[in-house]
2 protein chains.
Amino acid sequence: VAVADTKIAKSGADGSLIYRGYSIQDLFEKSTFEETAFLILNGRLPSRKELAVFTSRLRRRSHLPPEIYKVLRTLPRGAHPMDILRTAFSALGTIERGLSPDDRKISIIAKMPSLVINSYRVVRGKRPVEPKESLGQGANILYMLRGKAPSAFESWVMERVLILYMEHDFNASAFTVTVVASTLADVYSACTAGLAALKGPLHGGANEAAMQMLTKIGKAENAAAYVQQLLAAHEKIMGFGHRVYKTVDPRAQLTKQLLRRLVAETGKGEALYDLCEAVEKVVWELKKLPANLEFYAAPVFHILGVPQEVDTPLFACSRIVGWVAHYDEQLQDNRIYRPDAVYVGEKGLKYVPISER
Amino acid sequence: VAVADTKIAKSGADGSLIYRGYSIQDLFEKSTFEETAFLILNGRLPSRKELAVFTSRLRRRSHLPPEIYKVLRTLPRGAHPMDILRTAFSALGTIERGLSPDDRKISIIAKMPSLVINSYRVVRGKRPVEPKESLGQGANILYMLRGKAPSAFESWVMERVLILYMEHDFNASAFTVTVVASTLADVYSACTAGLAALKGPLHGGANEAAMQMLTKIGKAENAAAYVQQLLAAHEKIMGFGHRVYKTVDPRAQLTKQLLRRLVAETGKGEALYDLCEAVEKVVWELKKLPANLEFYAAPVFHILGVPQEVDTPLFACSRIVGWVAHYDEQLQDNRIYRPDAVYVGEKGLKYVPISER
């Protein structure tokens with residue numbers, strides 16, 4: 001069922017994906033995080049000057065206010081990183097009340113990497129690492145995670161994943177953001193709700209779940225037996241299948257290329273790559289389900305040294321851009337979401353006092 | 001568009017509302033918060049023993065863990081009560097990881113009054129007031145707000161409003177909860193998203209907005225001129241109109257009766273009642289929009305001494321029951337929400353390098 005019009009992005013059953021009219025392949029090869037974010041937010045590619053201004057606004061707003069660290073220090077160590085991130089992001093909405101609508105958008109996009117990485121660090125008892133204003137979104141994630149600068153190649157790899165993750169029309173989190181926007185709640189409320197949806201293992205949680213599965217399978221030789229066992233038990237195979245893409249997820253193809261380059265360049269993860277290919281092959285043969293973005297993003301994150309629990313929060317560093325675009329689009333011609341449900345329950349029951357029950 | 005089946009509740013264009021087959025009029029007159037909550041969660045009225053067990057489980061779980069107070073003490077004083085509530089509720093999800101699915105539901109319903117009232121108190125620099133295990137949900141709200149026990153009549157009034165607020169099929173917040181549930185995210189995530197939606201002035205925020213409007217109008221004689229002015233400016237009249245109810249909102253009728261009894265019993269708010277009636281009359285004459293629940297709930301809260309900013313959070317003390325029921329219902333036969341959108345944007349654009357833009 002089509003619930004709305006959109007000008008932001010279009011995923012096609014034929015395995016195509018466009019952002020604002022540009023193919024994902026072109027943006028993956030040629031663009032940057034900041035340029036693609038500008039495109040998604042503004043509907044067109046920026047001029048050199050516009051990009052410089054946009055980038056500088058983002059960098060200057062990338063630091064977290066001290067209150068956020070105070071909130072983080074009160075949360076229990078064992079908590080799930082997505083629960084921590086959702087709480088810290090929600091707290092940001094209590095703090096940044098004075099910002100203009102436009103500055104709010106810049107702020108939440110700019111702060112997401114620090115929210116993701118430093119909320120993880122602080123709750124695990126580590127010192128926070130301030131983002132570097134000289135680094136882009138992808139490089140800053142790796143820098144804050146490690147406490148030292150990543151190579152240009154690693155930053156490029158992370159930025160490619162962010163571009164692929166940025167937007168995907170009415171996925172569950174973007175749709176959640178849209179429904180909340182339709183009540184005229186503010187953008188912090190709407191994106192807190194987006195983070196709530198992103199946690200789900202059928203949505204953003206799938207990358208972490210896919211990596212857990214790969215770890216369990218262990219090596220390529222075990223792939224066939226493991227997948228057969230899952231299918232026999234009618235269990236879901238994490239990282240496979242998509243509501244829109246029936247034969248190929250273009251983002252999975254691009255991430256697979258990226259994984260291959262990463263393995264070649266770093267010499268790490270050759271066995272993991274073989275394992276992924278073996279699982280992909282057997283799931284296609286037995287179930288005709290294509291690998292999706294999550295499946296190949298997980299091993300890329302793994303080789304880059306991202307702890308498995310941060311896989312899902314990382315997604316938010318990029319998808320926040322799509323959420324903001326959907327928030328804005330909904331408000332351009334707003335009507336509150338209040339869908340009908342077909343009532344199939346009891347009718348006409350007579351209330352009996354409790355003394356007679 | 002009907003998006004799902006439901007057995008929980010049904011609002012009808014004829015001005016009817018049933019919860020699990022029972023009319024809202026019957027439940028309003030004869031039931032209690034705890035009994036109606038049991039009905040909505042379990043699909044049937046409880047036996048005496050079941051109700052006693054359910055009530056005792058709720059009361060024992062009504063206290064907030066100390067970490068929540070630590071989180072609240074880090075938030076800025078001027079923050080919006082809904083932002084504070086959403087953040088505190090989200091934090092609860094980082095803490096209660098060990099509970100069973102059933103205990104989680106009991107816990108979030110039981111804790112909502114303390115979350116609402118004590119988050120408001122603490123962020124405003126006041127001491128928290130522990131809920132009394134001897135009091136019901138309605139009485140406890142007034143007790144924690146005032147620091148002293150309300151009269152039996154006042155508690156009965158508050159409980160009536162909670163019964164009316166408890167559930168309303170696929171309203172925006174329940175629908176948000178449902179979409180998040182469909183990703184298989186946990187119930188804390190889903191209800192945090194529900195709170196995000198509830199803040200919107202087109203949804204839960206309408207009761208606060210209605211009270212602001214009533215305060216601005218001031219007295220019954222000004223009603224006609226004020227409403228005419230709003231209509232001339234094509235502005236929304238807060239507390240009027242509903243997607244389902246076109247001529248009468250049964251909950252507004254019942255709350256109006258309640259307001260009349262409250263005025264008669266306490267001797268307070270006679271002018272406010274006259275003002276409400278005058279506004280209702282002129283909006284119906286000029287625009288054929290019926291008053292909705294928010295419009296008459298706001299003055300009831302006002303006479304009970306609820307600060308205006310707590311009007312919207314109060315809603316959550318009751319609607320949380322409906323959210324939990326929708327969460328459960330979605331998981332009984334789950335499919336992730338991923339609606340289609342009609343792409344009406346640009347296509348086939350060619351990427352031009354930034355040096356050539």
# chains A, B, ... in the order shown; residues from 1 in each chain; ligands from 1
call {"tool": "select_by_dssp", "arguments": {"residues": "region 143-205 of chain B", "states": "alpha helix (DSSP H)", "output": "ChimeraX atom specification"}}
result
/B:143-146,152-165,172-181,187-198,205
call {"tool": "closest_atom_pairs", "arguments": {"of": "region 118-224 of chain A", "to": "region 27-47 of chain A", "cutoff": "7 Å", "atoms": "only C-alpha atoms", "output": "JSON lines"}}
result
{"residue": "A:Gln137", "atom": "CA", "partner": "A:Phe33", "partner_atom": "CA", "distance": 6.8}
{"residue": "A:Glu159", "atom": "CA", "partner": "A:Phe33", "partner_atom": "CA", "distance": 6.0}
{"residue": "A:Arg160", "atom": "CA", "partner": "A:Phe28", "partner_atom": "CA", "distance": 5.9}
{"residue": "A:Leu162", "atom": "CA", "partner": "A:Phe33", "partner_atom": "CA", "distance": 6.7}
{"residue": "A:Ile163", "atom": "CA", "partner": "A:Phe33", "partner_atom": "CA", "distance": 5.9}
call {"tool": "write_last_selection", "arguments": {"atoms": "all heavy atoms", "output": "PDB file, in the first residue's frame"}}
result
ATOM      1  N   GLN A 137      32.637  12.726   8.637  1.00  0.00           N
ATOM      2  CA  GLN A 137      31.797  11.870   9.487  1.00  0.00           C
ATOM      3  C   GLN A 137      32.368  10.451   9.592  1.00  0.00           C
ATOM      4  O   GLN A 137      32.437   9.889  10.684  1.00  0.00           O
ATOM      5  CB  GLN A 137      30.370  11.839   8.898  1.00  0.00           C
ATOM      6  CG  GLN A 137      29.286  11.306   9.808  1.00  0.00           C
ATOM      7  CD  GLN A 137      28.460  12.424  10.453  1.00  0.00           C
ATOM      8  OE1 GLN A 137      28.878  13.586  10.525  1.00  0.00           O
ATOM      9  NE2 GLN A 137      27.277  12.093  10.924  1.00  0.00           N
ATOM     10  N   GLU A 159      33.135   5.812   4.969  1.00  0.00           N
ATOM     11  CA  GLU A 159      32.279   6.808   4.315  1.00  0.00           C
ATOM     12  C   GLU A 159      31.399   6.151   3.244  1.00  0.00           C
ATOM     13  O   GLU A 159      30.239   6.533   3.065  1.00  0.00           O
ATOM     14  CB  GLU A 159      33.162   7.901   3.696  1.00  0.00           C
ATOM     15  CG  GLU A 159      32.376   9.127   3.292  1.00  0.00           C
ATOM     16  CD  GLU A 159      33.281  10.266   2.851  1.00  0.00           C
ATOM     17  OE1 GLU A 159      34.396   9.999   2.355  1.00  0.00           O
ATOM     18  OE2 GLU A 159      32.857  11.426   2.997  1.00  0.00           O
ATOM     19  N   ARG A 160      31.937   5.138   2.527  1.00  0.00           N
ATOM     20  CA  ARG A 160      31.119   4.443   1.509  1.00  0.00           C
ATOM     21  C   ARG A 160      29.914   3.768   2.187  1.00  0.00           C
ATOM     22  O   ARG A 160      28.806   3.810   1.674  1.00  0.00           O
ATOM     23  CB  ARG A 160      31.933   3.356   0.773  1.00  0.00           C
ATOM     24  CG  ARG A 160      33.135   3.751  -0.069  1.00  0.00           C
ATOM     25  CD  ARG A 160      32.866   4.857  -1.030  1.00  0.00           C
ATOM     26  NE  ARG A 160      33.357   6.104  -0.431  1.00  0.00           N
ATOM     27  CZ  ARG A 160      33.127   7.310  -0.944  1.00  0.00           C
ATOM     28  NH1 ARG A 160      32.444   7.471  -2.066  1.00  0.00           N
ATOM     29  NH2 ARG A 160      33.577   8.392  -0.328  1.00  0.00           N
ATOM     30  N   LEU A 162      28.507   4.616   4.954  1.00  0.00           N
ATOM     31  CA  LEU A 162      27.569   5.659   5.393  1.00  0.00           C
ATOM     32  C   LEU A 162      26.704   6.145   4.226  1.00  0.00           C
ATOM     33  O   LEU A 162      25.507   6.379   4.386  1.00  0.00           O
ATOM     34  CB  LEU A 162      28.319   6.844   6.017  1.00  0.00           C
ATOM     35  CG  LEU A 162      29.101   6.579   7.308  1.00  0.00           C
ATOM     36  CD1 LEU A 162      29.727   7.874   7.824  1.00  0.00           C
ATOM     37  CD2 LEU A 162      28.243   5.937   8.395  1.00  0.00           C
ATOM     38  N   ILE A 163      27.300   6.277   3.062  1.00  0.00           N
ATOM     39  CA  ILE A 163      26.527   6.721   1.887  1.00  0.00           C
ATOM     40  C   ILE A 163      25.431   5.694   1.561  1.00  0.00           C
ATOM     41  O   ILE A 163      24.283   6.051   1.290  1.00  0.00           O
ATOM     42  CB  ILE A 163      27.461   6.977   0.671  1.00  0.00           C
ATOM     43  CG1 ILE A 163      28.331   8.221   0.938  1.00  0.00           C
ATOM     44  CG2 ILE A 163      26.661   7.128  -0.623  1.00  0.00           C
ATOM     45  CD1 ILE A 163      29.426   8.463  -0.093  1.00  0.00           C
TER      46      ILE A 163
END
call {"tool": "select_by_dssp", "arguments": {"residues": "region 6-69 of chain B", "states": "strand (DSSP E)", "output": "ChimeraX atom specification"}}
result
/B:6,9-12,16-19,22-23
call {"tool": "residues_around", "arguments": {"residues": "Phe175 (chain B)", "least_positions_apart": "3", "cutoff": "9 Å", "atoms": "only C-alpha atoms", "output": "count of residues only"}}
result
15
call {"tool": "residues_around", "arguments": {"residues": "region 11-17 of chain A", "least_positions_apart": "6", "cutoff": "6 Å", "atoms": "only C-alpha atoms", "output": "ChimeraX atom specification"}}
result
/A:24,244-245,248-250
call {"tool": "write_last_selection", "arguments": {"atoms": "N, CA and C atoms", "output": "tab-separated table (two decimals), in the first residue's frame"}}
result
chain	number	residue	atom	x	y	z
A	24	ILE	N	22.60	5.15	-6.83
A	24	ILE	CA	23.43	4.86	-5.66
A	24	ILE	C	24.84	4.48	-6.12
A	244	VAL	N	11.58	-5.01	-0.65
A	244	VAL	CA	11.57	-4.44	-2.00
A	244	VAL	C	12.43	-5.27	-2.96
A	245	TYR	N	13.67	-5.54	-2.57
A	245	TYR	CA	14.60	-6.23	-3.48
A	245	TYR	C	14.37	-7.73	-3.42
A	248	VAL	N	18.15	-8.83	-6.03
A	248	VAL	CA	19.44	-8.23	-5.70
A	248	VAL	C	19.25	-6.91	-4.96
A	249	ASP	N	20.01	-6.74	-3.88
A	249	ASP	CA	20.06	-5.48	-3.13
A	249	ASP	C	21.31	-4.75	-3.62
A	250	PRO	N	21.14	-3.64	-4.34
A	250	PRO	CA	22.31	-2.98	-4.94
A	250	PRO	C	23.33	-2.55	-3.88
call {"tool": "closest_residue", "arguments": {"among": "A:Trp156, A:Tyr273, A:Tyr143, A:Phe240", "to": "Lys287 (chain A)", "atoms": "only C-alpha atoms"}}
result
A:Phe240
call {"tool": "decode", "arguments": {"residues": "region 52-126 of chain B", "atoms": "C-alpha atoms", "output": "compact mmCIF listing (two decimals), in the first residue's frame"}}
result
# COMPACT_ATOMS: atom_id res chain seq x y z
CA ALA B 52 -6.49 -8.73 43.22
CA VAL B 53 -3.33 -10.35 41.87
CA PHE B 54 -3.06 -7.91 38.96
CA THR B 55 -3.57 -4.90 41.24
CA SER B 56 -1.02 -6.10 43.75
CA ARG B 57 1.57 -6.73 41.03
CA LEU B 58 1.04 -3.19 39.74
CA ARG B 59 1.31 -1.57 43.17
CA ARG B 60 4.51 -3.42 44.05
CA ARG B 61 6.15 -2.27 40.81
CA SER B 62 5.08 1.38 41.06
CA HIS B 63 8.37 2.71 42.51
CA LEU B 64 11.15 4.09 40.30
CA PRO B 65 14.68 2.69 40.54
CA PRO B 66 17.18 5.20 42.02
CA GLU B 67 19.06 5.48 38.68
CA ILE B 68 16.02 7.23 37.19
CA TYR B 69 16.30 10.01 39.78
CA LYS B 70 19.99 10.34 38.95
CA VAL B 71 19.13 10.77 35.25
CA LEU B 72 16.40 13.30 36.08
CA ARG B 73 18.79 15.40 38.18
CA THR B 74 21.06 15.89 35.16
CA LEU B 75 18.32 17.37 32.93
CA PRO B 76 17.83 21.15 32.58
CA ARG B 77 15.08 22.79 34.63
CA GLY B 78 13.35 24.53 31.73
CA ALA B 79 12.88 21.36 29.67
CA HIS B 80 9.45 20.35 28.35
CA PRO B 81 7.82 17.74 30.64
CA MET B 82 7.21 15.41 27.67
CA ASP B 83 10.91 15.54 26.71
CA ILE B 84 11.85 14.74 30.30
CA LEU B 85 9.33 11.91 30.51
CA ARG B 86 10.48 10.42 27.19
CA THR B 87 14.11 10.51 28.35
CA ALA B 88 13.37 9.02 31.79
CA PHE B 89 11.23 6.28 30.24
CA SER B 90 13.95 5.48 27.70
CA ALA B 91 16.45 5.27 30.58
CA LEU B 92 14.19 2.74 32.29
CA GLY B 93 14.79 0.50 29.28
CA THR B 94 18.54 0.53 29.98
CA ILE B 95 17.90 -0.56 33.59
CA GLU B 96 15.15 -3.21 33.54
CA ARG B 97 16.90 -5.68 31.29
CA GLY B 98 16.38 -8.70 33.54
CA LEU B 99 12.57 -8.64 33.72
CA SER B 100 10.37 -11.22 31.99
CA PRO B 101 8.21 -9.93 29.10
CA ASP B 102 5.14 -10.05 31.35
CA ASP B 103 6.81 -8.24 34.26
CA ARG B 104 8.05 -5.57 31.84
CA LYS B 105 4.46 -4.74 30.88
CA ILE B 106 3.34 -4.58 34.51
CA SER B 107 6.35 -2.45 35.37
CA ILE B 108 5.89 0.22 32.71
CA ILE B 109 2.16 0.58 33.40
CA ALA B 110 2.77 0.71 37.16
CA LYS B 111 5.64 3.19 36.97
CA MET B 112 4.11 5.69 34.56
CA PRO B 113 2.39 7.85 37.23
CA SER B 114 5.61 8.19 39.21
CA LEU B 115 7.60 8.79 36.02
CA VAL B 116 5.17 11.54 34.99
CA ILE B 117 4.77 13.29 38.32
CA ASN B 118 8.21 12.80 39.83
CA SER B 119 10.07 13.65 36.62
CA TYR B 120 8.13 16.90 36.64
CA ARG B 121 8.83 17.46 40.34
CA VAL B 122 12.55 16.66 40.26
CA VAL B 123 13.36 18.69 37.15
CA ARG B 124 11.55 21.65 38.76
CA GLY B 125 13.76 21.22 41.84
CA LYS B 126 11.15 19.60 44.09
